[in-house]
Amino acid sequence: MQVILREDVEKVGLRGEVVDVAAGFARNYLLPRRLAEPAASGRVAEIQKLAASRARHEAQSFEQAQELAQKLEGAELRFDVQAGDTGTLFGSVTATDIADRVWETQRLRIDRRKLDLPESIKRIGRYEVPVELFQDVTATLRLAVVPEGGELPPEEELEALDQAAAAEEAAAAAEAEETRAAAEAATEAAVAEVEAEEQSFDESPPDEAPGKPATERDPEPEPRGE
């Protein structure tokens, strides 16, 4: 089944792409969560037209790529985001978000798949993200991920927030590991108990089967008189 992604979906594709997925995956996951929409022919044509239009604004030669690199590196891309007290974003800044912001602010198209962004940005701060514009030409994008309605705190405070967030994540991971280990131990104990009961039953003599007291055993037959 073909769908158009409304958001970046890990191991599936990036926002705006037309992808083939299993019908069940689309109906039960992508569509209900509004992560995708059915690939109607009209929408697909619209997306293809937009992509073709943007393609005319990307580097077509080595020299042009060098000029674009200078232009991109001379600007800072700002993202105003919702974030918690420790600086963790309520969402994330993805490769697609970065490519869209370059288009919005610079009217330049970059290939979002060539952004060196191993994972989405999930904390406020300043970031440098390399992007390949052309063969042997790479530009480094400067990003400022800023809490909505405010500004970035000093670098020392950012480092303190990062450390606090890392400590919280470590504590949560440790707690999850303890819970997992306790659940495994409980399962192993239950299995061992069942196996012990089964072994005890197998080793019991037939006339002393568990659950039947000796007083309730069948009486031995009396000898017949001759």
# chains A, B, ... in the order shown; residues from 1 in each chain; ligands from 1
$ select_by_dssp --residues "chain A" --states "strand (DSSP E)" --output "number ranges by chain"
A: 2-5, 18-20, 36-38, 76-81, 88-93, 121-123, 125-134, 137-147
$ residues_around --residues "A:Ile110" --least-positions-apart "3" --cutoff "10 Å" --atoms "only C-alpha atoms" --output "PDB file with C-alpha atoms, in the first residue's frame"
ATOM      1  CA  ARG A  54      13.061  22.885  -5.331  1.00  0.00           C
ATOM      2  CA  ALA A  55      15.545  20.797  -7.310  1.00  0.00           C
ATOM      3  CA  HIS A  57      17.638  25.564  -6.341  1.00  0.00           C
ATOM      4  CA  GLU A  58      20.306  23.054  -5.390  1.00  0.00           C
ATOM      5  CA  ALA A  59      23.989  22.935  -6.328  1.00  0.00           C
ATOM      6  CA  THR A  96      13.440  17.165   7.377  1.00  0.00           C
ATOM      7  CA  ILE A  98      16.451  21.342   8.993  1.00  0.00           C
ATOM      8  CA  ALA A  99      16.077  20.981   5.225  1.00  0.00           C
ATOM      9  CA  ASP A 100      12.760  22.829   5.347  1.00  0.00           C
ATOM     10  CA  VAL A 102      17.111  26.042   4.888  1.00  0.00           C
ATOM     11  CA  TRP A 103      14.530  26.312   2.129  1.00  0.00           C
ATOM     12  CA  ARG A 107      15.612  29.387  -0.694  1.00  0.00           C
ATOM     13  CA  ARG A 113      19.477  12.361   3.462  1.00  0.00           C
ATOM     14  CA  LYS A 114      22.954  13.858   3.186  1.00  0.00           C
ATOM     15  CA  LEU A 115      22.726  15.632   6.525  1.00  0.00           C
ATOM     16  CA  VAL A 131      25.679  18.396   4.917  1.00  0.00           C
ATOM     17  CA  GLU A 132      27.087  17.268   1.581  1.00  0.00           C
ATOM     18  CA  LEU A 133      26.110  19.745  -1.129  1.00  0.00           C
ATOM     19  CA  PHE A 134      28.065  18.243  -3.992  1.00  0.00           C
TER      20      PHE A 134
END
$ closest_residue --among "A:Arg6, A:Arg78, A:Arg126, A:Arg142" --to "A:Ala36" --atoms "only C-alpha atoms"
A:Arg6
$ atom_distance --atom1 "atom CA of A:Val137" --atom2 "atom CA of A:Gly74"
15.6 Å
$ select_by_dssp --residues "stretch 115-161 of chain A" --states "helix (DSSP H, G or I)" --output "PDB file with N, CA and C atoms, in the first residue's frame"
ATOM      1  N   GLU A 155      26.397  28.878  28.280  1.00  0.00           N
ATOM      2  CA  GLU A 155      26.935  27.551  28.008  1.00  0.00           C
ATOM      3  C   GLU A 155      27.079  26.717  29.279  1.00  0.00           C
ATOM      4  N   GLU A 156      27.494  27.357  30.383  1.00  0.00           N
ATOM      5  CA  GLU A 156      27.665  26.620  31.632  1.00  0.00           C
ATOM      6  C   GLU A 156      26.340  26.038  32.111  1.00  0.00           C
ATOM      7  N   GLU A 157      25.274  26.820  31.968  1.00  0.00           N
ATOM      8  CA  GLU A 157      23.960  26.335  32.382  1.00  0.00           C
ATOM      9  C   GLU A 157      23.478  25.211  31.470  1.00  0.00           C
ATOM     10  N   LEU A 158      23.760  25.343  30.179  1.00  0.00           N
ATOM     11  CA  LEU A 158      23.395  24.275  29.248  1.00  0.00           C
ATOM     12  C   LEU A 158      24.090  22.963  29.625  1.00  0.00           C
ATOM     13  N   GLU A 159      25.368  23.058  29.985  1.00  0.00           N
ATOM     14  CA  GLU A 159      26.110  21.856  30.375  1.00  0.00           C
ATOM     15  C   GLU A 159      25.519  21.251  31.643  1.00  0.00           C
ATOM     16  N   ALA A 160      25.120  22.117  32.591  1.00  0.00           N
ATOM     17  CA  ALA A 160      24.514  21.614  33.825  1.00  0.00           C
ATOM     18  C   ALA A 160      23.182  20.919  33.531  1.00  0.00           C
ATOM     19  N   LEU A 161      22.403  21.494  32.622  1.00  0.00           N
ATOM     20  CA  LEU A 161      21.128  20.878  32.245  1.00  0.00           C
ATOM     21  C   LEU A 161      21.355  19.525  31.576  1.00  0.00           C
TER      22      LEU A 161
END
$ closest_residue --among "A:Ala144, A:Ala192, A:Ala171, A:Ile4" --to "A:Ala40" --atoms "only C-alpha atoms"
A:Ile4
$ closest_atom_pairs --of "stretch 100-193 of chain A" --to "stretch 86-92 of chain A" --cutoff "8 Å" --atoms "only C-alpha atoms" --output "tab-separated table"
residue	atom	partner	partner_atom	distance
A:Ser120	CA	A:Ser92	CA	6.0
A:Ile121	CA	A:Ser92	CA	5.4
A:Lys122	CA	A:Ser92	CA	4.8
A:Arg123	CA	A:Thr88	CA	4.6
A:Ile124	CA	A:Gly87	CA	5.4
A:Pro147	CA	A:Gly87	CA	7.7
A:Leu161	CA	A:Thr86	CA	5.4
A:Asp162	CA	A:Thr86	CA	7.5
A:Ala164	CA	A:Thr86	CA	7.2
A:Ala165	CA	A:Thr86	CA	6.3
$ residues_around --residues "A:Val44" --least-positions-apart "6" --cutoff "10 Å" --atoms "only C-alpha atoms" --output "number ranges by chain"
A: 3-4, 16-18, 38, 50
$ residues_around --residues "A:Phe79" --least-positions-apart "6" --cutoff "8 Å" --atoms "only C-alpha atoms" --output "list of chain:residue names"
A:Leu143, A:Ala144, A:Val145, A:Val146
$ write_last_selection --atoms "N, CA, C and O atoms" --output "tab-separated table (two decimals), in the first residue's frame"
chain	number	residue	atom	x	y	z
A	143	LEU	N	23.07	25.46	14.02
A	143	LEU	CA	21.69	25.46	14.49
A	143	LEU	C	21.61	26.00	15.91
A	143	LEU	O	22.49	25.72	16.74
A	144	ALA	N	20.56	26.75	16.18
A	144	ALA	CA	20.24	27.19	17.54
A	144	ALA	C	18.85	26.67	17.87
A	144	ALA	O	17.87	27.11	17.28
A	145	VAL	N	18.79	25.69	18.77
A	145	VAL	CA	17.51	25.12	19.19
A	145	VAL	C	17.14	25.79	20.51
A	145	VAL	O	17.74	25.52	21.56
A	146	VAL	N	16.15	26.69	20.44
A	146	VAL	CA	15.87	27.64	21.51
A	146	VAL	C	14.51	27.34	22.14
A	146	VAL	O	13.55	27.04	21.43
